[in-house]
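These notes are about the structure you will find just below.
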Amino acid sequence: PDVHVFGHTHLSVDVEVQGQRYIQWALGNPREQRKMTNVVADTGMLVLYDSGGDPPHMAPVQFTYWGNYFQSGPRAPSEFCPPSYVRKLVQYQYPDADIPGDDEFFQRTRHGGPSITSYDGRYEARWRQ
């Protein structure tokens, strides 16, 4: 397929991996729109395919915080380490759970970096609604 559209991760991402495009344009709740889905809050809903306009009809890959993160380096699933607030919540709900990592390990793993405060100049209006 040209594009794999998926959902429910609460992250807005548009990325090509090994020749396959993956996109999720998550609306998110108001709190998420300040961070994880701010591309949607800042720029609007994505028009993925425009059959009435001039070619190209498929929107080009859109810049997103998480797409940029996933393109910046290889994934290392073995380095999974939830942040301290997640570990504390899981430990509270499931006292016998074996939760990987600790705060020190979490600080050494790769993170997305600072939030993007504005997407101005990073998208074409044709691909928003």
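By convention here, the chains of the structure tokens are called A, B, ... in the order presented, each chain's residues are numbered starting at 1, and ligands are numbered starting at 1 in the order presented.
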Could you pull out the alpha helix (DSSP H) residues of region 8-73 of chain A, going by DSSP on the backbone, and write them as a PyMOL selection string? chain A and resi 30-33+38-43+65-71
With C-alpha atoms retained, write the just-selected residues as an mmCIF file, in the first residue's frame.
```
data_model
loop_
_atom_site.group_PDB
_atom_site.id
_atom_site.type_symbol
_atom_site.label_atom_id
_atom_site.label_comp_id
_atom_site.auth_asym_id
_atom_site.auth_seq_id
_atom_site.Cartn_x
_atom_site.Cartn_y
_atom_site.Cartn_z
ATOM 1 C CA PRO A 30 -6.557 19.224 25.288
ATOM 2 C CA ARG A 31 -3.584 18.252 27.489
ATOM 3 C CA GLU A 32 -2.070 16.091 24.736
ATOM 4 C CA GLN A 33 -2.496 18.925 22.225
ATOM 5 C CA ASN A 38 0.486 19.805 19.010
ATOM 6 C CA VAL A 39 1.042 19.512 15.244
ATOM 7 C CA VAL A 40 -2.720 18.922 14.897
ATOM 8 C CA ALA A 41 -3.624 21.671 17.378
ATOM 9 C CA ASP A 42 -1.222 24.090 15.657
ATOM 10 C CA THR A 43 -1.920 23.287 11.986
ATOM 11 C CA TYR A 65 7.910 15.844 16.352
ATOM 12 C CA TRP A 66 7.590 12.061 16.629
ATOM 13 C CA GLY A 67 8.265 11.423 12.946
ATOM 14 C CA ASN A 68 11.454 13.423 13.311
ATOM 15 C CA TYR A 69 12.350 11.443 16.441
ATOM 16 C CA PHE A 70 11.818 8.062 14.766
ATOM 17 C CA GLN A 71 13.844 9.158 11.707
#
```
Select from region 5-35 of chain A everything DSSP, run on the backbone, classes as strand (DSSP E or B), then give the selection as a JSON list (two decimals) with C-alpha atoms, in the first residue's frame.
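Listing of part_17.json after writing:
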```json
[["chain", "number", "residue", "atom", "x", "y", "z"],
["A", 5, "VAL", "CA", -2.92, 4.76, 8.44],
["A", 13, "VAL", "CA", 3.49, 10.78, 13.44],
["A", 14, "ASP", "CA", 4.11, 10.72, 9.69],
["A", 15, "VAL", "CA", 7.19, 8.70, 8.83],
["A", 16, "GLU", "CA", 8.56, 6.43, 6.14],
["A", 17, "VAL", "CA", 10.27, 3.26, 7.34],
["A", 20, "GLN", "CA", 6.52, 2.15, 3.78],
["A", 21, "ARG", "CA", 4.77, 5.31, 4.95],
["A", 22, "TYR", "CA", 3.06, 5.19, 8.35],
["A", 23, "ILE", "CA", 0.76, 7.96, 9.49],
["A", 24, "GLN", "CA", -1.32, 8.71, 12.52]]
```
Find, counting only C-alpha atoms, the residue in A:Gly112, A:Gly121, A:Gly7, A:Pro1 that gets nearest to Gly73 (chain A).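 Of the candidates, the smallest distance to Gly73 (chain A) is held by A:Gly112.
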Shell around region 81-88 of chain A at 12 Å using only C-alpha atoms, local window under 6 positions removed, as an mmCIF file with all heavy atoms, in the first residue's frame:
```cif
data_model
loop_
_atom_site.group_PDB
_atom_site.id
_atom_site.type_symbol
_atom_site.label_atom_id
_atom_site.label_comp_id
_atom_site.auth_asym_id
_atom_site.auth_seq_id
_atom_site.Cartn_x
_atom_site.Cartn_y
_atom_site.Cartn_z
ATOM 1 N N TYR A 94 0.311 -2.701 40.535
ATOM 2 C CA TYR A 94 0.764 -4.093 40.427
ATOM 3 C C TYR A 94 2.069 -4.241 41.212
ATOM 4 O O TYR A 94 3.151 -4.271 40.627
ATOM 5 C CB TYR A 94 0.981 -4.475 38.965
ATOM 6 C CG TYR A 94 -0.227 -4.215 38.093
ATOM 7 C CD1 TYR A 94 -0.321 -3.041 37.332
ATOM 8 C CD2 TYR A 94 -1.283 -5.122 38.042
ATOM 9 C CE1 TYR A 94 -1.431 -2.799 36.549
ATOM 10 C CE2 TYR A 94 -2.391 -4.875 37.255
ATOM 11 C CZ TYR A 94 -2.460 -3.719 36.514
ATOM 12 O OH TYR A 94 -3.565 -3.476 35.741
ATOM 13 N N PRO A 95 1.992 -4.356 42.529
ATOM 14 C CA PRO A 95 3.196 -4.370 43.372
ATOM 15 C C PRO A 95 4.213 -5.447 43.006
ATOM 16 O O PRO A 95 5.409 -5.271 43.250
ATOM 17 C CB PRO A 95 2.639 -4.602 44.782
ATOM 18 C CG PRO A 95 1.215 -4.216 44.711
ATOM 19 C CD PRO A 95 0.774 -4.443 43.306
ATOM 20 N N ALA A 97 4.926 -6.463 39.943
ATOM 21 C CA ALA A 97 5.391 -6.311 38.549
ATOM 22 C C ALA A 97 6.896 -6.073 38.490
ATOM 23 O O ALA A 97 7.464 -5.375 39.340
ATOM 24 C CB ALA A 97 4.658 -5.153 37.882
ATOM 25 N N ASP A 98 7.523 -6.667 37.503
ATOM 26 C CA ASP A 98 8.957 -6.457 37.254
ATOM 27 C C ASP A 98 9.073 -5.341 36.214
ATOM 28 O O ASP A 98 8.889 -5.570 35.021
ATOM 29 C CB ASP A 98 9.596 -7.753 36.762
ATOM 30 C CG ASP A 98 11.088 -7.599 36.545
ATOM 31 O OD1 ASP A 98 11.689 -6.670 37.132
ATOM 32 O OD2 ASP A 98 11.651 -8.400 35.780
ATOM 33 N N ILE A 99 9.349 -4.138 36.650
ATOM 34 C CA ILE A 99 9.381 -2.969 35.768
ATOM 35 C C ILE A 99 10.826 -2.699 35.367
ATOM 36 O O ILE A 99 11.698 -2.551 36.231
ATOM 37 C CB ILE A 99 8.783 -1.737 36.478
ATOM 38 C CG1 ILE A 99 7.377 -2.080 36.982
ATOM 39 C CG2 ILE A 99 8.745 -0.539 35.545
ATOM 40 C CD1 ILE A 99 6.843 -1.102 37.978
ATOM 41 N N PRO A 100 11.102 -2.652 34.063
ATOM 42 C CA PRO A 100 12.489 -2.456 33.633
ATOM 43 C C PRO A 100 13.020 -1.061 33.921
ATOM 44 O O PRO A 100 12.281 -0.083 33.923
ATOM 45 C CB PRO A 100 12.413 -2.694 32.123
ATOM 46 C CG PRO A 100 11.013 -2.375 31.750
ATOM 47 C CD PRO A 100 10.177 -2.743 32.946
ATOM 48 N N GLY A 101 14.319 -0.997 34.167
ATOM 49 C CA GLY A 101 15.007 0.279 34.286
ATOM 50 C C GLY A 101 14.797 0.977 35.613
ATOM 51 O O GLY A 101 14.106 0.514 36.506
ATOM 52 N N ASP A 102 15.451 2.111 35.714
ATOM 53 C CA ASP A 102 15.328 2.991 36.868
ATOM 54 C C ASP A 102 15.563 4.409 36.357
ATOM 55 O O ASP A 102 15.795 4.625 35.177
ATOM 56 C CB ASP A 102 16.312 2.615 37.978
ATOM 57 C CG ASP A 102 17.762 2.584 37.499
ATOM 58 O OD1 ASP A 102 18.106 3.309 36.543
ATOM 59 O OD2 ASP A 102 18.551 1.834 38.086
ATOM 60 N N ASP A 103 15.492 5.398 37.236
ATOM 61 C CA ASP A 103 15.639 6.793 36.795
ATOM 62 C C ASP A 103 16.978 7.045 36.108
ATOM 63 O O ASP A 103 17.052 7.773 35.121
ATOM 64 C CB ASP A 103 15.475 7.756 37.978
ATOM 65 C CG ASP A 103 14.030 7.851 38.441
ATOM 66 O OD1 ASP A 103 13.135 7.431 37.692
ATOM 67 O OD2 ASP A 103 13.804 8.348 39.552
ATOM 68 N N GLU A 104 18.030 6.448 36.613
ATOM 69 C CA GLU A 104 19.350 6.643 36.014
ATOM 70 C C GLU A 104 19.401 6.070 34.596
ATOM 71 O O GLU A 104 19.875 6.717 33.669
ATOM 72 C CB GLU A 104 20.421 5.980 36.879
ATOM 73 C CG GLU A 104 21.831 6.235 36.395
ATOM 74 C CD GLU A 104 22.859 5.572 37.296
ATOM 75 O OE1 GLU A 104 22.692 5.633 38.523
ATOM 76 O OE2 GLU A 104 23.818 5.013 36.742
ATOM 77 N N PHE A 105 18.873 4.854 34.403
ATOM 78 C CA PHE A 105 18.845 4.252 33.075
ATOM 79 C C PHE A 105 17.967 5.073 32.134
ATOM 80 O O PHE A 105 18.307 5.296 30.980
ATOM 81 C CB PHE A 105 18.342 2.805 33.149
ATOM 82 C CG PHE A 105 18.300 2.121 31.808
ATOM 83 C CD1 PHE A 105 19.465 1.701 31.192
ATOM 84 C CD2 PHE A 105 17.097 1.897 31.160
ATOM 85 C CE1 PHE A 105 19.446 1.070 29.956
ATOM 86 C CE2 PHE A 105 17.060 1.276 29.919
ATOM 87 C CZ PHE A 105 18.234 0.858 29.331
ATOM 88 N N PHE A 106 16.821 5.552 32.643
ATOM 89 C CA PHE A 106 15.915 6.361 31.833
ATOM 90 C C PHE A 106 16.630 7.600 31.289
ATOM 91 O O PHE A 106 16.470 7.972 30.138
ATOM 92 C CB PHE A 106 14.683 6.765 32.643
ATOM 93 C CG PHE A 106 13.719 7.625 31.872
ATOM 94 C CD1 PHE A 106 12.878 7.059 30.933
ATOM 95 C CD2 PHE A 106 13.656 8.995 32.077
ATOM 96 C CE1 PHE A 106 11.989 7.845 30.205
ATOM 97 C CE2 PHE A 106 12.774 9.783 31.365
ATOM 98 C CZ PHE A 106 11.941 9.200 30.422
ATOM 99 N N GLN A 107 17.442 8.235 32.112
ATOM 100 C CA GLN A 107 18.160 9.440 31.686
ATOM 101 C C GLN A 107 19.201 9.139 30.607
ATOM 102 O O GLN A 107 19.549 10.008 29.823
ATOM 103 C CB GLN A 107 18.820 10.130 32.879
ATOM 104 C CG GLN A 107 17.832 10.706 33.873
ATOM 105 C CD GLN A 107 16.836 11.664 33.235
ATOM 106 O OE1 GLN A 107 17.175 12.470 32.382
ATOM 107 N NE2 GLN A 107 15.585 11.563 33.641
ATOM 108 N N ARG A 108 19.704 7.909 30.546
ATOM 109 C CA ARG A 108 20.713 7.536 29.545
ATOM 110 C C ARG A 108 20.108 7.110 28.215
ATOM 111 O O ARG A 108 20.807 7.038 27.214
ATOM 112 C CB ARG A 108 21.588 6.389 30.079
ATOM 113 C CG ARG A 108 22.500 6.777 31.212
ATOM 114 C CD ARG A 108 23.538 5.697 31.508
ATOM 115 N NE ARG A 108 23.045 4.345 31.443
ATOM 116 C CZ ARG A 108 22.686 3.596 32.496
ATOM 117 N NH1 ARG A 108 22.755 4.094 33.701
ATOM 118 N NH2 ARG A 108 22.258 2.355 32.340
ATOM 119 N N THR A 109 18.811 6.782 28.185
ATOM 120 C CA THR A 109 18.191 6.330 26.946
ATOM 121 C C THR A 109 17.836 7.535 26.078
ATOM 122 O O THR A 109 17.697 8.659 26.558
ATOM 123 C CB THR A 109 16.936 5.477 27.211
ATOM 124 O OG1 THR A 109 16.001 6.233 27.960
ATOM 125 C CG2 THR A 109 17.292 4.186 27.932
ATOM 126 N N ARG A 110 17.687 7.280 24.797
ATOM 127 C CA ARG A 110 17.387 8.336 23.820
ATOM 128 C C ARG A 110 15.988 8.887 24.035
ATOM 129 O O ARG A 110 15.039 8.140 24.213
ATOM 130 C CB ARG A 110 17.501 7.733 22.418
ATOM 131 C CG ARG A 110 17.449 8.719 21.305
ATOM 132 C CD ARG A 110 17.868 8.049 20.004
ATOM 133 N NE ARG A 110 16.881 7.152 19.477
ATOM 134 C CZ ARG A 110 16.003 7.473 18.537
ATOM 135 N NH1 ARG A 110 16.003 8.678 18.014
ATOM 136 N NH2 ARG A 110 15.135 6.603 18.094
ATOM 137 N N HIS A 111 15.859 10.211 24.011
ATOM 138 C CA HIS A 111 14.578 10.888 24.169
ATOM 139 C C HIS A 111 14.368 11.856 23.012
ATOM 140 O O HIS A 111 15.301 12.205 22.297
ATOM 141 C CB HIS A 111 14.514 11.647 25.505
ATOM 142 C CG HIS A 111 14.686 10.751 26.686
ATOM 143 N ND1 HIS A 111 13.727 9.870 27.076
ATOM 144 C CD2 HIS A 111 15.725 10.576 27.526
ATOM 145 C CE1 HIS A 111 14.151 9.194 28.116
ATOM 146 N NE2 HIS A 111 15.363 9.606 28.408
#
```
May I ask for the distance between CA of His4 (chain A) and CA of Ala76 (chain A), given in Å to one decimal place?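 Here the two named atoms are 21.9 Å from each other.
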